[in-house]
Structure formats: structure tokens, C-alpha cells
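Below is protein25.pdb, holding PDB, N, CA and C atoms.
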```
ATOM      1  N   MET A   1     -74.689 131.278  13.023
ATOM      2  CA  MET A   1     -75.501 130.141  12.595
ATOM      3  C   MET A   1     -74.964 128.864  13.252
ATOM      4  N   ALA A   2     -75.857 128.074  13.787
ATOM      5  CA  ALA A   2     -75.459 126.839  14.466
ATOM      6  C   ALA A   2     -75.036 125.788  13.443
ATOM      7  N   LYS A   3     -74.092 124.954  13.857
ATOM      8  CA  LYS A   3     -73.667 123.881  12.956
ATOM      9  C   LYS A   3     -74.725 122.786  12.930
ATOM     10  N   ARG A   4     -74.785 122.085  11.825
ATOM     11  CA  ARG A   4     -75.781 121.027  11.656
ATOM     12  C   ARG A   4     -75.505 119.855  12.585
ATOM     13  N   VAL A   5     -76.572 119.192  12.969
ATOM     14  CA  VAL A   5     -76.462 118.007  13.808
ATOM     15  C   VAL A   5     -76.058 116.843  12.902
ATOM     16  N   THR A   6     -75.017 116.134  13.293
ATOM     17  CA  THR A   6     -74.519 115.015  12.499
ATOM     18  C   THR A   6     -75.219 113.716  12.910
ATOM     19  N   PRO A   7     -75.197 112.714  12.031
ATOM     20  CA  PRO A   7     -75.775 111.418  12.414
ATOM     21  C   PRO A   7     -75.114 110.844  13.668
ATOM     22  N   GLU A   8     -73.816 111.061  13.813
ATOM     23  CA  GLU A   8     -73.106 110.579  15.002
ATOM     24  C   GLU A   8     -73.645 111.243  16.262
ATOM     25  N   GLU A   9     -73.940 112.535  16.152
ATOM     26  CA  GLU A   9     -74.494 113.254  17.303
ATOM     27  C   GLU A   9     -75.884 112.723  17.670
ATOM     28  N   ILE A  10     -76.669 112.372  16.663
ATOM     29  CA  ILE A  10     -78.010 111.842  16.927
ATOM     30  C   ILE A  10     -77.894 110.536  17.701
ATOM     31  N   VAL A  11     -76.972 109.687  17.294
ATOM     32  CA  VAL A  11     -76.749 108.430  18.001
ATOM     33  C   VAL A  11     -76.313 108.718  19.436
ATOM     34  N   GLN A  12     -75.370 109.664  19.593
ATOM     35  CA  GLN A  12     -74.908 110.046  20.935
ATOM     36  C   GLN A  12     -76.067 110.574  21.771
ATOM     37  N   MET A  13     -76.925 111.381  21.151
ATOM     38  CA  MET A  13     -78.079 111.926  21.880
ATOM     39  C   MET A  13     -78.929 110.805  22.447
ATOM     40  N   HIS A  14     -79.192 109.806  21.630
ATOM     41  CA  HIS A  14     -80.027 108.688  22.086
ATOM     42  C   HIS A  14     -79.336 107.888  23.181
ATOM     43  N   GLN A  15     -78.047 107.684  23.042
ATOM     44  CA  GLN A  15     -77.301 106.947  24.069
ATOM     45  C   GLN A  15     -77.287 107.715  25.384
ATOM     46  N   LEU A  16     -77.008 109.005  25.308
ATOM     47  CA  LEU A  16     -76.952 109.826  26.517
ATOM     48  C   LEU A  16     -78.333 110.013  27.138
ATOM     49  N   TYR A  17     -79.356 110.106  26.301
ATOM     50  CA  TYR A  17     -80.703 110.239  26.844
ATOM     51  C   TYR A  17     -81.095 108.976  27.611
ATOM     52  N   ALA A  18     -80.681 107.825  27.105
ATOM     53  CA  ALA A  18     -80.944 106.568  27.822
ATOM     54  C   ALA A  18     -80.231 106.577  29.174
ATOM     55  N   LYS A  19     -79.074 107.227  29.230
ATOM     56  CA  LYS A  19     -78.287 107.300  30.469
ATOM     57  C   LYS A  19     -78.863 108.332  31.447
ATOM     58  N   TYR A  20     -79.130 109.547  30.952
ATOM     59  CA  TYR A  20     -79.549 110.648  31.822
ATOM     60  C   TYR A  20     -81.065 110.817  31.934
ATOM     61  N   GLY A  21     -81.800 110.495  30.867
ATOM     62  CA  GLY A  21     -83.248 110.677  30.870
ATOM     63  C   GLY A  21     -83.684 112.124  30.918
ATOM     64  N   ASN A  22     -82.812 113.021  30.439
ATOM     65  CA  ASN A  22     -83.080 114.448  30.549
ATOM     66  C   ASN A  22     -82.492 115.163  29.336
ATOM     67  N   PHE A  23     -83.325 115.903  28.604
ATOM     68  CA  PHE A  23     -82.867 116.595  27.398
ATOM     69  C   PHE A  23     -81.789 117.637  27.711
ATOM     70  N   ALA A  24     -81.977 118.392  28.787
ATOM     71  CA  ALA A  24     -81.026 119.446  29.139
ATOM     72  C   ALA A  24     -79.655 118.875  29.478
ATOM     73  N   ALA A  25     -79.630 117.769  30.208
ATOM     74  CA  ALA A  25     -78.348 117.152  30.577
ATOM     75  C   ALA A  25     -77.610 116.673  29.340
ATOM     76  N   VAL A  26     -78.333 116.091  28.409
ATOM     77  CA  VAL A  26     -77.716 115.644  27.153
ATOM     78  C   VAL A  26     -77.204 116.849  26.378
ATOM     79  N   GLY A  27     -78.009 117.903  26.314
ATOM     80  CA  GLY A  27     -77.601 119.115  25.615
ATOM     81  C   GLY A  27     -76.336 119.719  26.186
ATOM     82  N   ARG A  28     -76.229 119.763  27.515
ATOM     83  CA  ARG A  28     -75.020 120.292  28.155
ATOM     84  C   ARG A  28     -73.802 119.452  27.776
ATOM     85  N   GLU A  29     -73.957 118.154  27.765
ATOM     86  CA  GLU A  29     -72.849 117.250  27.441
ATOM     87  C   GLU A  29     -72.370 117.428  25.992
ATOM     88  N   LEU A  30     -73.320 117.685  25.087
ATOM     89  CA  LEU A  30     -72.975 117.778  23.665
ATOM     90  C   LEU A  30     -72.813 119.211  23.163
ATOM     91  N   GLY A  31     -73.090 120.183  24.016
ATOM     92  CA  GLY A  31     -72.980 121.568  23.572
ATOM     93  C   GLY A  31     -74.137 121.990  22.680
ATOM     94  N   ARG A  32     -75.300 121.393  22.907
ATOM     95  CA  ARG A  32     -76.515 121.698  22.156
ATOM     96  C   ARG A  32     -77.600 122.125  23.137
ATOM     97  N   SER A  33     -78.649 122.722  22.617
ATOM     98  CA  SER A  33     -79.755 123.101  23.499
ATOM     99  C   SER A  33     -80.613 121.884  23.817
ATOM    100  N   GLY A  34     -81.298 121.962  24.929
ATOM    101  CA  GLY A  34     -82.214 120.895  25.305
ATOM    102  C   GLY A  34     -83.314 120.715  24.271
ATOM    103  N   SER A  35     -83.762 121.810  23.662
ATOM    104  CA  SER A  35     -84.823 121.705  22.656
ATOM    105  C   SER A  35     -84.328 121.007  21.387
ATOM    106  N   THR A  36     -83.065 121.210  21.036
ATOM    107  CA  THR A  36     -82.497 120.500  19.887
ATOM    108  C   THR A  36     -82.423 119.010  20.184
ATOM    109  N   VAL A  37     -81.982 118.668  21.376
ATOM    110  CA  VAL A  37     -81.909 117.261  21.776
ATOM    111  C   VAL A  37     -83.310 116.643  21.734
ATOM    112  N   ALA A  38     -84.289 117.337  22.289
ATOM    113  CA  ALA A  38     -85.665 116.824  22.310
ATOM    114  C   ALA A  38     -86.168 116.566  20.892
ATOM    115  N   LYS A  39     -85.854 117.466  19.980
ATOM    116  CA  LYS A  39     -86.282 117.326  18.584
ATOM    117  C   LYS A  39     -85.753 116.027  17.981
ATOM    118  N   TYR A  40     -84.499 115.722  18.248
ATOM    119  CA  TYR A  40     -83.892 114.537  17.650
ATOM    120  C   TYR A  40     -84.198 113.251  18.425
ATOM    121  N   ILE A  41     -84.531 113.362  19.686
ATOM    122  CA  ILE A  41     -84.958 112.180  20.439
ATOM    123  C   ILE A  41     -86.371 111.802  20.001
ATOM    124  N   ARG A  42     -87.231 112.784  19.912
ATOM    125  CA  ARG A  42     -88.627 112.537  19.535
ATOM    126  C   ARG A  42     -88.794 112.320  18.038
ATOM    127  N   MET A  43     -87.832 112.805  17.267
ATOM    128  CA  MET A  43     -87.848 112.749  15.794
ATOM    129  C   MET A  43     -89.069 113.460  15.203
ATOM    130  N   ARG A  44     -89.592 114.437  15.945
ATOM    131  CA  ARG A  44     -90.688 115.257  15.433
ATOM    132  C   ARG A  44     -90.093 116.528  14.848
ATOM    133  N   GLY A  45     -90.516 116.880  13.668
ATOM    134  CA  GLY A  45     -90.026 118.098  13.038
ATOM    135  C   GLY A  45     -88.645 117.937  12.426
ATOM    136  N   THR A  46     -88.137 116.720  12.397
ATOM    137  CA  THR A  46     -86.845 116.488  11.758
ATOM    138  C   THR A  46     -87.079 116.126  10.297
ATOM    139  N   PRO A  47     -86.137 116.454   9.430
ATOM    140  CA  PRO A  47     -86.296 116.119   8.017
ATOM    141  C   PRO A  47     -86.421 114.600   7.816
ATOM    142  N   GLU A  48     -87.155 114.199   6.800
ATOM    143  CA  GLU A  48     -87.360 112.774   6.516
ATOM    144  C   GLU A  48     -86.038 112.040   6.332
ATOM    145  N   ILE A  49     -85.061 112.686   5.701
ATOM    146  CA  ILE A  49     -83.771 112.033   5.481
ATOM    147  C   ILE A  49     -83.099 111.718   6.810
ATOM    148  N   VAL A  50     -83.286 112.566   7.807
ATOM    149  CA  VAL A  50     -82.706 112.320   9.130
ATOM    150  C   VAL A  50     -83.370 111.100   9.751
ATOM    151  N   LYS A  51     -84.689 111.032   9.666
ATOM    152  CA  LYS A  51     -85.407 109.881  10.225
ATOM    153  C   LYS A  51     -84.956 108.592   9.553
ATOM    154  N   HIS A  52     -84.852 108.619   8.235
ATOM    155  CA  HIS A  52     -84.443 107.436   7.480
ATOM    156  C   HIS A  52     -83.010 107.033   7.837
ATOM    157  N   THR A  53     -82.116 108.006   7.846
ATOM    158  CA  THR A  53     -80.711 107.729   8.147
ATOM    159  C   THR A  53     -80.570 107.165   9.548
ATOM    160  N   PHE A  54     -81.268 107.743  10.504
ATOM    161  CA  PHE A  54     -81.155 107.257  11.877
ATOM    162  C   PHE A  54     -81.644 105.827  11.976
ATOM    163  N   LYS A  55     -82.751 105.509  11.314
ATOM    164  CA  LYS A  55     -83.251 104.120  11.336
ATOM    165  C   LYS A  55     -82.211 103.169  10.757
ATOM    166  N   GLU A  56     -81.517 103.578   9.711
ATOM    167  CA  GLU A  56     -80.481 102.735   9.101
ATOM    168  C   GLU A  56     -79.298 102.553  10.048
ATOM    169  N   VAL A  57     -78.904 103.614  10.718
ATOM    170  CA  VAL A  57     -77.767 103.553  11.645
ATOM    171  C   VAL A  57     -78.113 102.620  12.797
ATOM    172  N   VAL A  58     -79.289 102.751  13.351
ATOM    173  CA  VAL A  58     -79.689 101.911  14.480
ATOM    174  C   VAL A  58     -79.773 100.455  14.038
ATOM    175  N   ARG A  59     -80.260 100.216  12.842
ATOM    176  CA  ARG A  59     -80.392  98.854  12.325
ATOM    177  C   ARG A  59     -79.029  98.190  12.169
ATOM    178  N   VAL A  60     -78.038  98.968  11.748
ATOM    179  CA  VAL A  60     -76.686  98.444  11.524
ATOM    180  C   VAL A  60     -75.955  98.234  12.833
ATOM    181  N   VAL A  61     -76.136  99.144  13.784
ATOM    182  CA  VAL A  61     -75.403  99.108  15.053
ATOM    183  C   VAL A  61     -75.881  98.058  15.949
TER
END
```
Using the file provided, produce a representation of the structure as C-alpha cells.
Amino acid sequence: MAKRVTPEEIVQMHQLYAKYGNFAAVGRELGRSGSTVAKYIRMRGTPEIVKHTFKEVVRVV
């Protein structure tokens, strides 16, 4: 079973995606699949709590 994606990882995903512009490259860097990265970049199919938490983290940072 894969470990859960942490809020810190979501922030890293967004930062790395801004740098690389490629889901697969971000996934390789973080040890996640490109499809997992895409899910959290697009925020489609993610739990509501994840969307809410990410908005709060971005607002604070």
C-alpha cells in the first residue's frame, strides 16, 4: 500500500511543477507516479479536506 501524500509533498509538487512543467519529472523527483502528481496539481478527485488544506497552506506561505 502506498503511503499517503502529505501537505508538504503537495506544496513540493506545485513548486516542482512550476520548475519542470511535467508531471512525470516531478513524480521521479518525489518518488511518486506522474498520475499522482497530476491529481494533486489539478486538484481533481482529491478529497475536499486536501483542497481546503492546500488553499490554507498557500494563503499562509
Original post:
Which distance in Å separates atom N of A:Pro47 and atom C of A:Lys19, to one decimal?
Top reply: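 These two atoms are separated by 24.6 Å.
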Original post:
Looking only at the backbone, which of the residues in chain A does DSSP tag as alpha helix (DSSP H), as a ChimeraX atom specification?
Top reply: /A:7-20,23-30,34-42,48-60
Original post:
What is the atom N of A:Thr36 to atom CA of A:Phe23 distance in Å?
Top reply: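 Separation between atom N of A:Thr36 and atom CA of A:Phe23: 7.9 Å.
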**OP:** For atom CA of A:Val37 and atom CA of A:Ala24, quote the distance in Å rounded to one decimal.
**Re:**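 So the two atoms, atom CA of A:Val37 and atom CA of A:Ala24, lie 7.7 Å apart.
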Subject >> Spatial neighbours of A:Pro7, max dist 7 Å, all atoms listed in the file, sep filter under 4 positions, as JSON, numbers by chain >> reply: {"A": [11, 12, 54]}
**OP:** On this file, the PyMOL selection byres (((chain A and resi 38 and name CA) around 10) and name CA) gives some set of residues; write that set as number ranges by chain.
**Re:** A: 13-14, 17, 22-24, 26-27, 33-37, 39-44
